[in-house]
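Pasting protein_28.cif here (mmCIF, C-alpha atoms):
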data_input
loop_
_atom_site.label_atom_id
_atom_site.label_comp_id
_atom_site.auth_asym_id
_atom_site.auth_seq_id
_atom_site.Cartn_x
_atom_site.Cartn_y
_atom_site.Cartn_z
CA MET A 106 364.49 -149.25 193.61
CA THR A 107 363.69 -145.60 193.04
CA VAL A 108 360.36 -144.36 191.79
CA GLU A 109 360.52 -141.47 189.32
CA THR A 110 358.19 -138.65 190.21
CA VAL A 111 355.84 -137.77 187.38
CA ALA A 112 355.48 -134.02 186.94
CA PRO A 113 351.87 -132.80 187.14
CA SER A 114 350.26 -131.41 184.03
CA VAL A 115 350.29 -127.64 183.74
CA LEU A 116 346.94 -127.95 181.96
CA ARG A 117 345.33 -128.66 185.34
CA SER A 118 345.85 -125.00 186.19
CA SER A 119 342.84 -122.86 185.24
CA ASP A 120 345.18 -119.87 185.04
CA PHE A 121 347.33 -121.59 182.44
CA ARG A 122 344.28 -122.70 180.44
CA PHE A 123 343.07 -119.10 180.30
CA MET A 124 346.57 -117.93 179.34
CA LEU A 125 346.91 -120.62 176.66
CA SER A 126 343.49 -119.81 175.21
CA GLY A 127 344.11 -116.06 175.24
CA ARG A 128 347.50 -116.38 173.57
CA ALA A 129 346.16 -118.79 170.95
CA VAL A 130 343.36 -116.39 170.01
CA SER A 131 345.78 -113.44 169.98
CA THR A 132 348.29 -115.38 167.87
CA ALA A 133 345.55 -116.26 165.39
CA ALA A 134 344.53 -112.60 165.09
CA THR A 135 348.15 -111.48 164.66
CA ALA A 136 348.97 -114.21 162.11
CA VAL A 137 345.93 -113.48 159.92
CA THR A 138 346.67 -109.74 160.15
CA TRP A 139 350.15 -110.30 158.73
CA VAL A 140 348.81 -112.45 155.93
CA LEU A 141 346.20 -109.89 154.87
CA LEU A 142 348.00 -106.55 155.26
CA PRO A 143 351.00 -107.28 152.97
CA LEU A 144 348.67 -108.99 150.49
CA TYR A 145 346.31 -106.01 150.35
CA VAL A 146 349.18 -103.54 150.06
CA TYR A 147 350.59 -105.52 147.13
CA ASP A 148 347.15 -105.51 145.48
CA ILE A 149 346.71 -101.73 145.73
CA THR A 150 350.30 -100.79 144.85
CA GLY A 151 351.55 -103.62 142.64
CA SER A 152 354.92 -103.15 144.33
CA ALA A 153 356.90 -106.00 145.88
CA THR A 154 358.95 -103.40 147.76
CA ALA A 155 355.79 -101.95 149.30
CA ALA A 156 354.64 -105.43 150.35
CA ALA A 157 358.07 -106.18 151.84
CA SER A 158 358.03 -102.86 153.71
CA MET A 159 354.61 -103.77 155.08
CA SER A 160 355.91 -107.15 156.27
CA ALA A 161 358.90 -105.44 157.93
CA MET A 162 356.49 -103.55 160.18
CA ASN A 163 355.91 -106.87 161.92
CA VAL A 164 359.47 -106.82 163.29
CA VAL A 165 360.66 -103.20 163.46
CA PRO A 166 358.68 -102.25 166.62
CA PHE A 167 360.30 -105.07 168.60
CA LEU A 168 363.75 -103.74 167.76
CA LEU A 169 362.68 -100.19 168.66
CA PHE A 170 360.62 -100.76 171.79
CA GLY A 171 361.61 -104.18 173.15
CA LEU A 172 363.91 -102.88 175.91
CA PHE A 173 361.47 -100.15 176.95
CA ALA A 174 358.58 -102.62 177.05
CA GLY A 175 360.62 -105.00 179.20
CA ALA A 176 361.43 -102.25 181.72
CA TYR A 177 357.84 -101.09 182.03
CA VAL A 178 356.40 -104.61 182.22
CA ASP A 179 358.71 -105.26 185.19
CA ARG A 180 357.16 -102.26 186.93
CA LEU A 181 353.56 -102.97 186.03
CA ARG A 182 351.23 -105.97 186.32
CA PRO A 183 351.83 -108.28 183.32
CA ARG A 184 348.21 -109.40 183.21
CA THR A 185 346.98 -105.81 183.12
CA VAL A 186 349.44 -104.94 180.35
CA MET A 187 348.22 -107.89 178.27
CA VAL A 188 344.55 -106.94 178.63
CA VAL A 189 345.15 -103.27 177.81
CA VAL A 190 347.26 -103.88 174.70
CA GLU A 191 344.76 -106.40 173.33
CA VAL A 192 342.04 -103.75 173.56
CA VAL A 193 344.40 -101.25 171.91
CA SER A 194 345.10 -103.78 169.12
CA ALA A 195 341.36 -104.18 168.53
CA LEU A 196 340.88 -100.40 168.28
CA VAL A 197 343.83 -100.03 165.88
CA LEU A 198 342.56 -102.74 163.53
CA LEU A 199 339.02 -101.38 163.61
CA SER A 200 340.46 -98.49 161.60
CA VAL A 201 341.07 -100.81 158.62
CA PRO A 202 337.37 -101.06 157.62
CA ALA A 203 337.16 -97.24 157.73
CA VAL A 204 340.31 -96.83 155.63
CA VAL A 205 339.26 -99.26 152.90
CA LEU A 206 336.10 -97.21 152.34
CA LEU A 207 338.34 -94.54 150.82
CA SER A 208 338.56 -94.79 147.04
CA GLU A 209 342.37 -94.82 147.04
CA PRO A 210 343.71 -95.45 150.55
CA PRO A 211 347.34 -94.29 150.78
CA PHE A 212 349.98 -96.94 151.35
CA ALA A 213 351.44 -94.98 154.28
CA VAL A 214 348.20 -95.41 156.24
CA PHE A 215 348.57 -99.18 156.18
CA LEU A 216 352.21 -98.89 157.20
CA LEU A 217 351.10 -96.86 160.22
CA ILE A 218 348.35 -99.34 161.11
CA GLY A 219 350.80 -102.25 160.87
CA PHE A 220 353.38 -100.39 162.94
CA LEU A 221 350.87 -99.61 165.70
CA ALA A 222 349.49 -103.16 165.75
CA SER A 223 352.98 -104.66 166.00
CA SER A 224 353.98 -102.16 168.68
CA ALA A 225 351.05 -103.35 170.78
CA PHE A 226 352.13 -106.95 170.19
CA VAL A 227 355.60 -106.15 171.59
CA TRP A 228 354.07 -105.29 174.96
CA PHE A 229 351.74 -108.32 174.90
CA ASP A 230 354.58 -110.70 174.04
CA VAL A 231 356.97 -109.38 176.71
CA ALA A 232 354.24 -109.36 179.38
CA SER A 233 353.05 -112.88 178.56
CA SER A 234 356.63 -114.22 178.67
CA ALA A 235 357.12 -112.60 182.08
CA LEU A 236 353.88 -114.20 183.28
CA VAL A 237 354.75 -117.81 182.33
CA PRO A 238 356.88 -118.51 185.45
CA VAL A 239 354.14 -117.06 187.68
CA VAL A 240 351.37 -119.12 186.09
CA ALA A 241 353.27 -122.40 185.59
CA GLY A 242 355.78 -122.37 188.43
CA PRO A 243 359.49 -123.19 188.04
CA GLU A 244 358.99 -126.95 187.63
CA LEU A 245 356.50 -126.68 184.78
CA ILE A 246 358.05 -123.90 182.68
CA PHE A 247 359.34 -126.30 180.01
CA GLN A 248 355.96 -128.01 179.80
CA ALA A 249 354.11 -124.68 179.65
CA ASN A 250 356.32 -123.37 176.84
CA GLY A 251 355.85 -126.63 174.95
CA HIS A 252 352.08 -126.21 175.04
CA LEU A 253 352.29 -122.52 174.11
CA TRP A 254 354.61 -123.27 171.18
CA MET A 255 352.38 -126.11 170.00
CA ALA A 256 349.32 -123.86 170.02
CA ALA A 257 351.18 -121.13 168.14
CA THR A 258 352.43 -123.62 165.54
CA VAL A 259 348.94 -124.96 164.85
CA VAL A 260 347.49 -121.45 164.65
CA ASN A 261 350.20 -120.19 162.31
CA ALA A 262 349.77 -123.23 160.07
CA ILE A 263 346.14 -122.37 159.41
CA ALA A 264 346.57 -118.58 159.38
CA ALA A 265 347.21 -118.27 155.64
CA PRO A 266 344.25 -120.37 154.44
CA ALA A 267 342.02 -118.77 157.07
CA GLY A 268 343.06 -115.30 155.91
CA PHE A 269 342.36 -116.08 152.26
CA PHE A 270 339.01 -117.64 153.17
CA LEU A 271 337.92 -114.56 155.14
CA LEU A 272 339.11 -112.23 152.38
CA ASP A 273 337.17 -114.20 149.76
CA ARG A 274 333.96 -114.52 151.77
CA ILE A 275 333.57 -111.25 153.68
CA GLY A 276 336.21 -108.92 152.22
CA LEU A 277 339.00 -107.02 153.94
CA ALA A 278 336.71 -104.84 156.07
CA GLY A 279 334.76 -107.82 157.37
CA ALA A 280 337.94 -109.80 158.00
CA PHE A 281 339.42 -107.05 160.15
CA LEU A 282 336.18 -106.68 162.09
CA MET A 283 336.57 -110.35 163.00
CA ILE A 284 340.26 -109.89 163.83
CA ALA A 285 339.42 -106.99 166.15
CA GLY A 286 336.80 -109.21 167.80
CA ALA A 287 339.45 -111.89 168.33
CA TYR A 288 341.66 -109.41 170.18
CA VAL A 289 338.72 -108.47 172.42
CA LEU A 290 338.11 -112.18 173.13
CA SER A 291 341.80 -112.58 174.01
CA ALA A 292 341.54 -109.64 176.43
CA ILE A 293 338.50 -111.22 178.10
CA LEU A 294 340.19 -114.62 178.48
CA THR A 295 343.35 -113.01 179.86
CA SER A 296 341.34 -110.94 182.35
CA PHE A 297 340.23 -114.19 184.05
CA LEU A 298 343.82 -114.89 185.12
CA LYS A 299 344.28 -114.75 188.89
CA ALA A 300 348.08 -114.71 188.62
CA GLY A 301 349.68 -111.45 187.54
CA ARG A 302 347.00 -109.24 189.08
CA THR A 303 349.37 -107.71 191.60
CA ALA A 304 353.04 -106.81 191.79
CA ALA A 305 353.26 -109.21 194.75
CA ASP A 306 353.17 -112.09 192.26
CA ARG A 307 356.79 -111.25 191.52
CA GLY A 308 357.82 -111.71 195.15
CA GLU A 309 357.35 -109.43 198.14
CA GLU A 310 360.86 -107.99 198.20
CA GLU A 311 361.02 -107.21 194.49
CA ALA A 312 357.46 -105.86 194.48
CA GLU A 313 358.21 -103.45 197.30
CA LYS A 314 361.38 -102.30 195.57
CA GLU A 315 359.67 -101.76 192.21
CA SER A 316 356.50 -100.15 193.59
CA GLY A 317 358.43 -97.05 194.55
CA LYS A 318 359.36 -96.53 190.89
CA GLU A 319 355.83 -96.55 189.48
CA GLY A 320 355.02 -93.24 187.94
CA SER A 321 358.67 -92.26 187.58
CA ARG A 322 360.52 -92.20 184.32
CA VAL A 323 362.39 -95.32 183.23
CA GLY A 324 366.10 -94.60 183.23
CA ARG A 325 368.84 -95.95 181.03
CA SER A 326 370.32 -97.98 183.89
CA GLU A 327 366.98 -99.63 184.58
CA ILE A 328 366.49 -100.51 180.92
CA LEU A 329 369.95 -102.05 180.65
CA GLU A 330 369.60 -104.11 183.83
CA GLY A 331 368.31 -107.03 181.79
CA LEU A 332 371.41 -106.94 179.60
CA ARG A 333 373.62 -106.90 182.70
CA PHE A 334 371.89 -109.99 184.05
CA ILE A 335 372.38 -111.83 180.76
CA ARG A 336 376.07 -110.95 180.83
CA SER A 337 376.41 -112.12 184.44
CA ASP A 338 374.63 -115.47 184.00
CA ARG A 339 376.76 -117.67 181.77
CA VAL A 340 374.02 -120.12 180.78
CA VAL A 341 371.47 -117.44 179.88
CA GLY A 342 374.11 -115.43 178.03
CA VAL A 343 375.30 -118.42 176.00
CA LEU A 344 371.79 -119.45 174.98
CA THR A 345 370.81 -115.87 174.13
CA LEU A 346 373.78 -115.40 171.79
CA ALA A 347 373.16 -118.82 170.26
CA GLY A 348 369.54 -117.80 169.69
CA ALA A 349 370.69 -114.90 167.53
CA GLY A 350 372.76 -117.25 165.37
CA ILE A 351 370.04 -119.82 164.81
CA GLY A 352 367.55 -117.00 164.28
CA ILE A 353 369.54 -115.82 161.27
CA SER A 354 369.75 -119.33 159.80
CA GLY A 355 366.11 -120.01 160.63
CA GLY A 356 364.99 -116.83 158.91
CA ALA A 357 366.86 -117.93 155.78
CA VAL A 358 365.03 -121.27 155.71
CA TYR A 359 361.55 -120.01 156.57
CA SER A 360 361.60 -117.13 154.08
CA THR A 361 362.81 -119.16 151.11
CA ILE A 362 360.73 -122.36 151.24
CA VAL A 363 358.67 -121.37 148.20
CA VAL A 364 361.68 -120.00 146.29
CA PHE A 365 363.73 -123.10 147.12
CA SER A 366 360.88 -125.36 145.95
CA ASP A 367 360.71 -123.47 142.66
CA LEU A 368 364.43 -123.22 141.91
CA SER A 369 365.73 -126.51 143.32
CA LEU A 370 362.78 -128.90 143.32
CA ASP A 371 361.11 -127.72 140.08
CA LEU A 372 357.78 -127.17 141.82
CA ARG A 373 355.56 -124.33 140.67
CA THR A 374 354.44 -121.93 143.37
CA ASP A 375 350.86 -123.19 143.07
CA ASP A 376 351.90 -126.87 143.30
CA ILE A 377 350.19 -128.60 146.23
CA ARG A 378 353.48 -130.30 147.09
CA VAL A 379 354.88 -126.93 148.19
CA GLY A 380 352.07 -126.83 150.73
CA TRP A 381 353.06 -130.29 151.95
CA ILE A 382 356.66 -129.14 152.43
CA ILE A 383 355.49 -126.16 154.48
CA ALA A 384 353.24 -128.50 156.48
CA GLY A 385 356.26 -130.73 157.15
CA CYS A 386 358.02 -127.75 158.69
CA SER A 387 355.05 -127.24 161.03
CA VAL A 388 355.04 -130.94 161.97
CA GLY A 389 358.66 -130.56 163.08
CA ALA A 390 357.68 -127.72 165.42
CA LEU A 391 354.86 -129.84 166.85
CA ILE A 392 357.23 -132.75 167.52
CA ALA A 393 359.64 -130.36 169.25
CA SER A 394 356.90 -128.97 171.49
CA LEU A 395 356.14 -132.54 172.65
CA LEU A 396 359.78 -133.55 173.16
CA THR A 397 361.16 -130.45 174.89
CA PRO A 398 359.38 -130.89 178.28
CA ARG A 399 361.17 -134.24 178.63
CA LEU A 400 364.52 -132.44 178.50
CA ARG A 401 363.94 -130.16 181.50
CA SER A 402 366.10 -132.28 183.86
CA LEU A 403 369.11 -132.22 181.52
CA ASP A 404 371.90 -129.65 181.41
CA PRO A 405 370.63 -127.10 178.84
CA VAL A 406 374.06 -126.19 177.44
CA PRO A 407 374.96 -129.68 176.15
CA VAL A 408 371.35 -130.12 174.99
CA SER A 409 371.70 -126.92 172.97
CA ALA A 410 375.03 -128.08 171.53
CA VAL A 411 373.47 -131.34 170.31
CA THR A 412 370.39 -129.68 168.81
CA LEU A 413 372.55 -127.06 167.09
CA ALA A 414 374.75 -129.80 165.55
CA VAL A 415 371.62 -131.54 164.22
CA ASP A 416 370.29 -128.16 163.04
CA VAL A 417 373.39 -127.48 160.92
CA VAL A 418 373.62 -130.98 159.42
CA LEU A 419 369.96 -131.17 158.46
CA LEU A 420 369.90 -127.60 157.10
CA VAL A 421 372.74 -128.36 154.68
CA ALA A 422 371.19 -131.71 153.77
CA TYR A 423 367.86 -129.99 153.08
CA ALA A 424 369.61 -127.43 150.87
CA TRP A 425 370.82 -130.25 148.60
CA SER A 426 367.64 -132.35 148.66
CA PRO A 427 367.23 -134.43 145.46
CA GLY A 428 363.43 -134.37 145.60
CA TRP A 429 360.44 -132.94 147.39
CA VAL A 430 359.78 -135.95 149.65
CA VAL A 431 363.35 -135.92 150.94
CA ALA A 432 363.11 -132.14 151.37
CA LEU A 433 359.90 -132.52 153.39
CA VAL A 434 361.44 -135.10 155.74
CA LEU A 435 364.69 -133.16 156.21
CA LEU A 436 362.85 -129.87 156.78
CA ALA A 437 360.63 -131.51 159.41
CA GLY A 438 363.73 -132.89 161.15
CA TRP A 439 365.54 -129.57 160.91
CA ASN A 440 362.63 -127.63 162.42
CA THR A 441 362.35 -130.17 165.24
CA ALA A 442 365.96 -129.48 166.29
CA HIS A 443 365.62 -125.75 165.61
CA THR A 444 362.47 -125.43 167.71
CA ILE A 445 363.85 -127.49 170.60
CA ALA A 446 366.82 -125.12 170.78
CA MET A 447 364.48 -122.12 170.85
CA ILE A 448 362.12 -123.53 173.53
CA VAL A 449 365.04 -124.60 175.73
CA SER A 450 366.54 -121.11 175.50
CA ILE A 451 363.23 -119.42 176.42
CA SER A 452 362.50 -121.84 179.28
CA VAL A 453 365.96 -121.62 180.84
CA ARG A 454 365.84 -117.83 180.62
CA GLN A 455 362.52 -117.79 182.49
CA GLN A 456 363.75 -120.31 185.08
CA ARG A 457 367.00 -118.56 185.96
CA CYS A 458 365.88 -114.95 185.76
CA PRO A 459 364.80 -113.14 188.96
CA ALA A 460 361.10 -112.30 189.06
CA HIS A 461 361.64 -108.53 188.93
CA LEU A 462 363.75 -108.82 185.73
CA GLN A 463 361.53 -111.18 183.72
CA GLY A 464 360.26 -108.48 181.37
CA ARG A 465 363.67 -107.01 180.56
CA VAL A 466 365.55 -110.29 180.20
CA ASN A 467 362.87 -111.91 178.04
CA ALA A 468 362.68 -108.77 175.90
CA VAL A 469 366.41 -108.98 175.16
CA GLY A 470 366.13 -112.66 174.32
CA ARG A 471 363.21 -112.06 171.98
CA MET A 472 365.00 -109.15 170.30
CA ALA A 473 368.09 -111.30 169.70
CA ALA A 474 366.17 -114.21 168.14
CA TRP A 475 363.18 -112.46 166.55
CA GLY A 476 365.21 -109.56 165.19
CA ALA A 477 367.63 -111.99 163.54
CA VAL A 478 364.91 -113.73 161.50
CA PRO A 479 364.31 -111.00 158.87
CA LEU A 480 368.06 -110.43 158.65
CA GLY A 481 368.54 -114.08 157.72
CA GLY A 482 365.71 -113.96 155.20
CA GLY A 483 367.07 -110.83 153.55
CA LEU A 484 370.64 -112.14 153.36
CA CYS A 485 369.53 -115.44 151.88
CA GLY A 486 367.44 -113.66 149.26
CA VAL A 487 370.44 -111.56 148.23
CA LEU A 488 372.67 -114.65 148.05
CA ILE A 489 370.15 -116.48 145.86
CA ASP A 490 370.01 -113.48 143.51
CA LEU A 491 373.82 -113.26 143.37
CA THR A 492 374.58 -116.96 142.96
CA GLY A 493 371.42 -118.15 141.22
CA GLN A 494 371.73 -121.28 143.36
CA ALA A 495 369.37 -121.78 146.32
CA PRO A 496 371.37 -124.77 147.69
CA VAL A 497 374.56 -122.69 147.78
CA ALA A 498 372.79 -119.77 149.46
CA LEU A 499 371.16 -121.97 152.11
CA SER A 500 374.43 -123.77 152.80
CA ILE A 501 376.14 -120.42 153.39
CA MET A 502 373.28 -119.38 155.68
CA ALA A 503 373.97 -122.45 157.83
CA LEU A 504 377.14 -120.69 159.02
CA PRO A 505 375.44 -118.61 161.77
CA SER A 506 374.02 -121.82 163.29
CA LEU A 507 377.46 -123.43 162.92
CA ALA A 508 379.04 -120.48 164.73
CA ALA A 509 376.44 -120.80 167.51
CA PHE A 510 377.24 -124.53 167.80
CA VAL A 511 380.99 -123.89 168.06
CA PHE A 512 380.40 -121.21 170.69
CA VAL A 513 378.09 -123.39 172.81
CA LEU A 514 380.38 -126.43 172.44
CA SER A 515 383.37 -124.38 173.61
CA VAL A 516 381.43 -123.41 176.72
CA VAL A 517 380.62 -127.09 177.37
CA PHE A 518 384.34 -127.93 177.36
CA VAL A 519 385.22 -124.92 179.52
CA ARG A 520 382.63 -125.90 182.11
CA ARG A 521 383.89 -129.49 182.19
CA ALA A 522 387.45 -128.26 182.75
CA GLU A 523 386.42 -126.18 185.75
CA PRO A 524 386.09 -127.51 189.31
CA SER A 525 382.63 -128.81 190.12
CA ASP A 526 381.02 -125.73 191.63
CA PRO A 527 377.39 -124.75 190.93
CA SER A 528 378.22 -121.09 191.49
CA LYS A 529 380.36 -121.14 188.34
CA ASP A 530 377.25 -121.15 186.17
CA SER A 531 376.43 -117.61 187.34
CA GLN A 532 379.84 -116.12 186.62
#

Could you show the structure in this file as structure tokens?
Amino acid sequence: MTVETVAPSVLRSSDFRFMLSGRAVSTAATAVTWVLLPLYVYDITGSATAAASMSAMNVVPFLLFGLFAGAYVDRLRPRTVMVVVEVVSALVLLSVPAVVLLSEPPFAVFLLIGFLASSAFVWFDVASSALVPVVAGPELIFQANGHLWMAATVVNAIAAPAGFFLLDRIGLAGAFLMIAGAYVLSAILTSFLKAGRTAADRGEEEAEKESGKEGSRVGRSEILEGLRFIRSDRVVGVLTLAGAGIGISGGAVYSTIVVFSDLSLDLRTDDIRVGWIIAGCSVGALIASLLTPRLRSLDPVPVSAVTLAVDVVLLVAYAWSPGWVVALVLLAGWNTAHTIAMIVSISVRQQRCPAHLQGRVNAVGRMAAWGAVPLGGGLCGVLIDLTGQAPVALSIMALPSLAAFVFVLSVVFVRRAEPSDPSKDSQ
């Protein structure tokens, strides 16, 4: 009779607790920022285009600077990068109270503030992803990402009401003073991390190799090294490409929940049942964050194929929901499968990537998935305008996830047809 070894809890690590706390506080500050900035811009301009442009500033810096941030994070100390950019974020957002004192603050100023704040977040996100394997260790990466995703889900669920509450009680200037304070708190919590203080945390050989580059200019070859690794590792490459597909479909769902509720479920935008549907989506992410650590011993490619199949089926079923209760249940199920696929992809990438490439490889993965989200939202909005039918538009937007499923499934069959050789996974 064999006794199954129970994995220790990553929460026993003081380093991880500091990292989890710092990221939760930072996520809260970022989420409230991107509730308030587009809202305020819409109030002062009355333009939906201006508000949409403001929201786009949340994503554009990742597409512009993701690869550069990954290369520099691999040279520097991730913990140091995280602390510095949180302080920079606080300083950037402290400019909001000064700007709102102007009688007619120009819209372009808020675009610049949003762009700078999101640019800082790019560096924080890449550095924190590179630090997860160091803090958690290879065996606890899935568990660590589950906890981090759970914290982010809870924080994002309360970001909108928290933002409106702060705006109502203390005004925009006061709200951004508190947001800046949250970034400072995140920097303090992150500074307590013991891991990530030195380049040696990445391994002696890699640290010695990279230390000779510090101070020199990052070259094109160095930036693209993360892409070369993704191409060379079949599993990481498959999951990264699949992440782009489900990111497009996910963006379509997330961005149209309110529109779908209005057009297909006959719920007014101020109907409390719309809030329950959105809450159901968050519940799905929470369930996924609890389930995913249990999947760490399974082959990630078949796991991804199964979750993608469920993703597609439930997305289409949700699109044709006959009522709001059914929509809530289907959306919760869909986001469970969707989030599992995302966490598995992130965790496998961190497990298989060499220590000295963590920044670059994770940056590419984030760019593929995160950059696809606004594309999916925009395409779905156009399709709804053209067809006048939200169910039709959402069903069409299930195609990227379907394509990702077919691609991953084909790789499953190819791997089964090959001789049993572990080295094949890295070809």

**Report entry** Non-local contacts of region 233-244 of chain A (7 Å; all atoms listed in the file; under 2 positions in same chain excluded) as a VMD selection string
**Finding:** chain A and resid 115 120 to 121 183 187 229 to 231 246 249 300 to 301 306 455 to 456 463 to 464 467

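Look at Gly493 (chain A): the protein and nucleic acid residues within 9 Å of it, using only C-alpha atoms and passing over chain neighbours fewer than 5 places away, are Leu368, Leu488 and Ala498 of chain A.
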
Query - Residue nearest Ala393 (chain A) - candidates A:Ala446, A:Ala347, A:Leu436, A:Leu142, atoms counted: all atoms listed in the file - result: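 Once distances to Ala393 (chain A) are computed over all atoms listed in the file, the minimum belongs to A:Ala446.
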
Report task. Name the residues that the PyMOL selection byres ((chain A and resi 141) around 9) picks from the file above, as an MDAnalysis selection string, using the file's chain letters and numbers. Result -> chainID A and resid 136:140 142:146 265 268:269 272 277 280

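Using only C-alpha atoms, the nearest neighbour of Thr185 (chain A) within the list A:Val418, A:Ala267, A:Ala410, A:Ala232 is A:Ala232.
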
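You can rank A:Leu403, A:Leu435, A:Cys386, A:Ala174 by their closest distance to Val227 (chain A) using all atoms listed in the file, and at the top of that list sits A:Ala174.
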
Query raised in the report: Looking at A:Phe247, A:Trp475, A:Phe365, A:Trp429, which one is nearest to Gly352 (chain A), with distances taken over all atoms listed in the file?
Result: A:Trp475

Report task. Measure the distance from CA of Ser291 (chain A) to CA of Val388 (chain A) in Å and round it to one decimal. Result -> 25.6 Å

Report task. Would you mind reading off the distance between CA of Arg122 (chain A) and CA of Asp179 (chain A), one decimal, in Å? Result ->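 Those two atoms sit 23.1 Å apart.
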
Requested in this report: For CA of Thr441 (chain A) and CA of Leu391 (chain A), determine how far apart the two atoms are, in Å to one decimal place.
Outcome: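 Those two atoms sit 7.7 Å apart.
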
Query raised in the report: Using all atoms listed in the file, can you list as a PyMOL selection string the residues within 8 Å of (367.4, -108.2, 175.8)?
Result: chain A and resi 171-172+331-332+335+465-473

Deliver the residues from the most recent selection as a file, using C-alpha atoms, as a PDB file, in the coordinates of the input.
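Below is the file that was written, selection.pdb:
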ATOM      1  CA  GLY A 171     361.610-104.180 173.150  1.00  0.00           C
ATOM      2  CA  LEU A 172     363.910-102.880 175.910  1.00  0.00           C
ATOM      3  CA  GLY A 331     368.310-107.030 181.790  1.00  0.00           C
ATOM      4  CA  LEU A 332     371.410-106.940 179.600  1.00  0.00           C
ATOM      5  CA  ILE A 335     372.380-111.830 180.760  1.00  0.00           C
ATOM      6  CA  ARG A 465     363.670-107.010 180.560  1.00  0.00           C
ATOM      7  CA  VAL A 466     365.550-110.290 180.200  1.00  0.00           C
ATOM      8  CA  ASN A 467     362.870-111.910 178.040  1.00  0.00           C
ATOM      9  CA  ALA A 468     362.680-108.770 175.900  1.00  0.00           C
ATOM     10  CA  VAL A 469     366.410-108.980 175.160  1.00  0.00           C
ATOM     11  CA  GLY A 470     366.130-112.660 174.320  1.00  0.00           C
ATOM     12  CA  ARG A 471     363.210-112.060 171.980  1.00  0.00           C
ATOM     13  CA  MET A 472     365.000-109.150 170.300  1.00  0.00           C
ATOM     14  CA  ALA A 473     368.090-111.300 169.700  1.00  0.00           C
TER      15      ALA A 473
END

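With all atoms listed in the file as the atoms that count, the residue of A:Val517, A:Ser366, A:Ile218, A:Phe226 with the shortest distance to Pro202 (chain A) is A:Ile218.
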
I would like the residues chosen by the PyMOL selection byres ((chain A and resi 406) around 12) on the shown file; could you give them as a tab-separated table (two decimals) with C-alpha atoms, in the coordinates of the input?
chain	number	residue	atom	x	y	z
A	339	ARG	CA	376.76	-117.67	181.77
A	340	VAL	CA	374.02	-120.12	180.78
A	341	VAL	CA	371.47	-117.44	179.88
A	342	GLY	CA	374.11	-115.43	178.03
A	343	VAL	CA	375.30	-118.42	176.00
A	344	LEU	CA	371.79	-119.45	174.98
A	345	THR	CA	370.81	-115.87	174.13
A	347	ALA	CA	373.16	-118.82	170.26
A	400	LEU	CA	364.52	-132.44	178.50
A	401	ARG	CA	363.94	-130.16	181.50
A	402	SER	CA	366.10	-132.28	183.86
A	403	LEU	CA	369.11	-132.22	181.52
A	404	ASP	CA	371.90	-129.65	181.41
A	405	PRO	CA	370.63	-127.10	178.84
A	407	PRO	CA	374.96	-129.68	176.15
A	408	VAL	CA	371.35	-130.12	174.99
A	409	SER	CA	371.70	-126.92	172.97
A	410	ALA	CA	375.03	-128.08	171.53
A	411	VAL	CA	373.47	-131.34	170.31
A	412	THR	CA	370.39	-129.68	168.81
A	413	LEU	CA	372.55	-127.06	167.09
A	446	ALA	CA	366.82	-125.12	170.78
A	449	VAL	CA	365.04	-124.60	175.73
A	450	SER	CA	366.54	-121.11	175.50
A	453	VAL	CA	365.96	-121.62	180.84
A	509	ALA	CA	376.44	-120.80	167.51
A	510	PHE	CA	377.24	-124.53	167.80
A	511	VAL	CA	380.99	-123.89	168.06
A	512	PHE	CA	380.40	-121.21	170.69
A	513	VAL	CA	378.09	-123.39	172.81
A	514	LEU	CA	380.38	-126.43	172.44
A	515	SER	CA	383.37	-124.38	173.61
A	516	VAL	CA	381.43	-123.41	176.72
A	517	VAL	CA	380.62	-127.09	177.37
A	518	PHE	CA	384.34	-127.93	177.36
A	519	VAL	CA	385.22	-124.92	179.52
A	520	ARG	CA	382.63	-125.90	182.11
A	521	ARG	CA	383.89	-129.49	182.19
A	530	ASP	CA	377.25	-121.15	186.17

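For the set A:Ala195, A:Met283, A:Val188, A:Ala432, the residue with the smallest atom-to-atom gap to Ser369 (chain A) is A:Ala432, counting only C-alpha atoms.
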
Report task. Would you mind listing what lies within 12 Å of Ser354 (chain A) as a ChimeraX atom specification, with only C-alpha atoms counted and same-chain residues fewer than 3 positions away left out? Result -> /A:347-351,357-361,413,416-417,419-421,439-440,443,474-475,477-485,498-509

Which residues, written as a tab-separated table (two decimals) with C-alpha atoms, keeping the file's coordinate frame, have at least one atom at most 12 Å from Ser200 (chain A), with only C-alpha atoms counted and residues fewer than 5 positions away on the same chain left out?
chain	number	residue	atom	x	y	z
A	193	VAL	CA	344.40	-101.25	171.91
A	194	SER	CA	345.10	-103.78	169.12
A	195	ALA	CA	341.36	-104.18	168.53
A	205	VAL	CA	339.26	-99.26	152.90
A	206	LEU	CA	336.10	-97.21	152.34
A	207	LEU	CA	338.34	-94.54	150.82
A	210	PRO	CA	343.71	-95.45	150.55
A	214	VAL	CA	348.20	-95.41	156.24
A	215	PHE	CA	348.57	-99.18	156.18
A	217	LEU	CA	351.10	-96.86	160.22
A	218	ILE	CA	348.35	-99.34	161.11
A	219	GLY	CA	350.80	-102.25	160.87
A	221	LEU	CA	350.87	-99.61	165.70
A	222	ALA	CA	349.49	-103.16	165.75
A	277	LEU	CA	339.00	-107.02	153.94
A	278	ALA	CA	336.71	-104.84	156.07
A	279	GLY	CA	334.76	-107.82	157.37
A	281	PHE	CA	339.42	-107.05	160.15
A	282	LEU	CA	336.18	-106.68	162.09
A	284	ILE	CA	340.26	-109.89	163.83
A	285	ALA	CA	339.42	-106.99	166.15
